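Source file: coords23.tsv (TSV, C-alpha atoms)
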```
chain	number	residue	atom	x	y	z
N	1	MET	CA	-5.98	-18.57	-14.72
N	2	PRO	CA	-2.83	-18.96	-12.59
N	3	ILE	CA	-1.47	-15.87	-10.85
N	4	VAL	CA	2.13	-17.14	-11.40
N	5	GLN	CA	3.33	-19.43	-14.15
N	6	PHE	CA	6.82	-20.67	-14.97
N	7	GLU	CA	7.13	-22.36	-18.36
N	8	ASN	CA	10.35	-24.29	-19.07
N	9	VAL	CA	12.40	-21.69	-17.18
N	10	THR	CA	16.15	-22.13	-17.26
N	11	ARG	CA	18.74	-19.93	-15.58
N	12	THR	CA	22.36	-20.54	-16.46
N	13	TYR	CA	25.37	-18.76	-14.95
N	14	ALA	CA	28.87	-18.62	-16.41
N	15	SER	CA	31.47	-20.14	-14.09
N	16	GLY	CA	34.88	-19.79	-15.68
N	17	GLU	CA	34.94	-22.03	-18.73
N	18	HIS	CA	31.84	-23.89	-17.56
N	19	GLU	CA	28.16	-23.10	-17.28
N	20	LEU	CA	26.14	-23.77	-14.17
N	21	LYS	CA	22.42	-24.44	-14.57
N	22	ALA	CA	20.78	-23.13	-11.41
N	23	LEU	CA	17.34	-23.97	-12.87
N	24	ASP	CA	16.75	-26.40	-15.73
N	25	GLN	CA	13.40	-26.23	-17.55
N	26	VAL	CA	11.30	-25.58	-14.43
N	27	SER	CA	7.55	-25.46	-15.00
N	28	PHE	CA	4.77	-24.85	-12.47
N	29	SER	CA	1.75	-22.65	-11.86
N	30	LEU	CA	0.29	-21.08	-8.73
N	31	ASP	CA	-3.34	-20.14	-8.26
N	32	GLU	CA	-4.42	-17.05	-6.34
N	33	GLY	CA	-4.98	-17.56	-2.63
N	34	LYS	CA	-2.73	-20.60	-2.33
N	35	PHE	CA	0.19	-20.90	0.10
N	36	VAL	CA	3.38	-22.39	-1.28
N	37	VAL	CA	6.57	-23.70	0.28
N	38	ILE	CA	9.80	-23.77	-1.70
N	39	LEU	CA	11.95	-26.45	-0.16
N	40	GLY	CA	15.25	-28.04	-1.13
N	41	PRO	CA	18.89	-28.50	-0.21
N	42	SER	CA	21.54	-25.82	-0.59
N	43	GLY	CA	22.24	-25.20	-4.27
N	44	ALA	CA	18.87	-26.54	-5.46
N	45	GLY	CA	17.88	-23.20	-7.04
N	46	LYS	CA	15.42	-21.83	-4.45
N	47	SER	CA	16.97	-18.35	-4.31
N	48	THR	CA	17.37	-18.27	-8.08
N	49	LEU	CA	13.68	-19.09	-8.52
N	50	LEU	CA	12.65	-16.34	-6.08
N	51	ASN	CA	15.00	-13.81	-7.71
N	52	LEU	CA	13.43	-14.58	-11.09
N	53	LEU	CA	9.90	-14.31	-9.72
N	54	GLY	CA	10.78	-11.03	-8.01
N	55	GLY	CA	12.27	-9.51	-11.16
N	56	LEU	CA	15.76	-9.27	-9.67
N	57	ASP	CA	17.10	-11.56	-12.39
N	58	SER	CA	15.97	-12.73	-15.83
N	59	PRO	CA	15.76	-16.28	-17.14
N	60	THR	CA	18.23	-17.57	-19.69
N	61	ASP	CA	15.32	-19.33	-21.37
N	62	GLY	CA	11.62	-19.88	-20.77
N	63	LYS	CA	8.70	-17.71	-19.76
N	64	ILE	CA	7.54	-16.28	-16.42
N	65	THR	CA	4.02	-14.89	-16.25
N	66	VAL	CA	2.68	-12.94	-13.25
N	67	ASN	CA	-0.94	-11.73	-13.27
N	68	GLY	CA	-1.09	-12.46	-17.00
N	69	ARG	CA	2.00	-10.36	-17.76
N	70	ASP	CA	5.17	-11.92	-19.20
N	71	ILE	CA	7.91	-10.55	-16.92
N	72	SER	CA	10.69	-12.57	-18.56
N	73	THR	CA	11.03	-10.07	-21.41
N	74	LEU	CA	10.72	-6.78	-19.47
N	75	SER	CA	13.38	-4.09	-19.73
N	76	ASP	CA	15.33	-2.98	-16.63
N	77	ASN	CA	13.02	0.03	-16.19
N	78	GLU	CA	9.91	-2.12	-16.60
N	79	LEU	CA	11.28	-4.61	-14.07
N	80	ALA	CA	11.89	-1.75	-11.61
N	81	ASP	CA	8.26	-0.65	-12.02
N	82	TYR	CA	7.11	-4.28	-11.59
N	83	ARG	CA	9.13	-4.64	-8.37
N	84	ALA	CA	7.87	-1.32	-6.97
N	85	ALA	CA	4.20	-2.01	-7.72
N	86	THR	CA	3.82	-5.78	-7.47
N	87	VAL	CA	6.46	-7.52	-5.38
N	88	GLY	CA	7.46	-7.25	-1.72
N	89	PHE	CA	10.82	-8.51	-0.52
N	90	VAL	CA	12.12	-9.63	2.84
N	91	PHE	CA	15.84	-10.08	2.29
N	92	GLN	CA	17.91	-12.65	4.12
N	93	PHE	CA	20.40	-9.91	4.99
N	94	TYR	CA	19.31	-6.41	5.97
N	95	ASN	CA	19.56	-3.74	3.29
N	96	LEU	CA	18.88	-0.78	5.54
N	97	ILE	CA	19.86	2.83	4.99
N	98	PRO	CA	21.98	3.64	8.06
N	99	TRP	CA	20.86	7.27	8.47
N	100	GLN	CA	17.14	6.42	8.25
N	101	ASN	CA	14.96	5.56	11.24
N	102	ASP	CA	12.71	2.48	11.27
N	103	TYR	CA	9.93	4.30	9.43
N	104	GLY	CA	12.30	5.63	6.79
N	105	ASN	CA	13.63	2.16	6.05
N	106	ALA	CA	10.24	0.43	6.10
N	107	GLU	CA	7.95	3.01	4.48
N	108	GLY	CA	9.94	5.97	3.23
N	109	ARG	CA	12.17	4.03	0.87
N	110	PRO	CA	9.35	2.33	-1.10
N	111	ARG	CA	7.45	5.62	-1.23
N	112	CYS	CA	10.58	7.36	-2.49
N	113	LEU	CA	10.90	4.76	-5.25
N	114	GLN	CA	7.28	5.39	-6.24
N	115	GLY	CA	7.76	9.18	-6.23
N	116	ILE	CA	5.52	9.71	-3.20
N	117	ALA	CA	6.78	12.06	-0.51
N	118	GLY	CA	7.34	10.24	2.77
N	119	ARG	CA	7.57	11.54	6.28
N	120	GLY	CA	10.48	11.18	8.68
```

Rewritten as structure tokens:
Amino acid sequence: MPIVQFENVTRTYASGEHELKALDQVSFSLDEGKFVVILGPSGAGKSTLLNLLGGLDSPTDGKITVNGRDISTLSDNELADYRAATVGFVFQFYNLIPWQNDYGNAEGRPRCLQGIAGRG
């Protein structure tokens, strides 16, 4: 059983009077323990694919399954729980809390989101 599966996933964005298909019926599966590279030119949909997999965005059409769970139909609260418990992000641009020290930004914030008291 694949750990990640995209089935005919499409993500369309409105752009004025036009629609832009960032992903168009993308299908693939990833098995546990495999390393994967997502490669392509600017505008190919790499960030869109990762945002969908990370639960930061939802597909316009299709199905995304992670660990046997369909994340493409989760509510905002369920997606927040999914992100807190399942996904780790390293953002291209820093999203640090200015008044926190290194520990607070790296450990305290995720613990805060999970309702666990952090130190620092």

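Going from atom CA of Ala80 of chain N over to atom CA of Val26 of chain N, you cover 24.0 Å.
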
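Neighbours of segment 64-69 of chain N closer than or equal to 8 Å, with all atoms listed in the file counted and sequence neighbours fewer than 2 positions away skipped, come out as Pro2, Ile3, Val4, Gln5, Phe6, Glu7, Val9, Leu53, Gly62, Ile71 and Ser72 of chain N.
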
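The two atoms in question, atom CA of Ser75 of chain N and atom CA of Thr10 of chain N, are spaced 18.4 Å apart.
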
Got a sec: who's within 12 Å of Ser47 of chain N, counting all atoms listed in the file, leaving out chain neighbours fewer than 3 positions off, as a VMD selection string? chain N and resid 11 22 to 23 38 to 44 50 to 54 56 to 57 91 to 92

Counting only C-alpha atoms, closest pick from N:Gly55, N:Asp102, N:Ser27, N:Ser15 relative to Gly88 of chain N is N:Gly55

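Atom CA of Glu32 of chain N sits 21.5 Å away from atom CA of Asp81 of chain N.
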
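Comparing N:Gln25, N:Thr48, N:Asp31, N:Met1 by their smallest distance to Tyr13 of chain N, the closest is N:Thr48 (using all atoms listed in the file).
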
Using all atoms listed in the file, the shortest atom-to-atom distance to Ser58 of chain N among N:Asp76, N:Leu20, N:Thr86, N:Ser29 belongs to N:Asp76

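If only C-alpha atoms are the atoms counted, then among N:Glu17, N:Asp70, N:Glu78, N:Asp24 the closest residue to Leu49 of chain N is N:Asp24.
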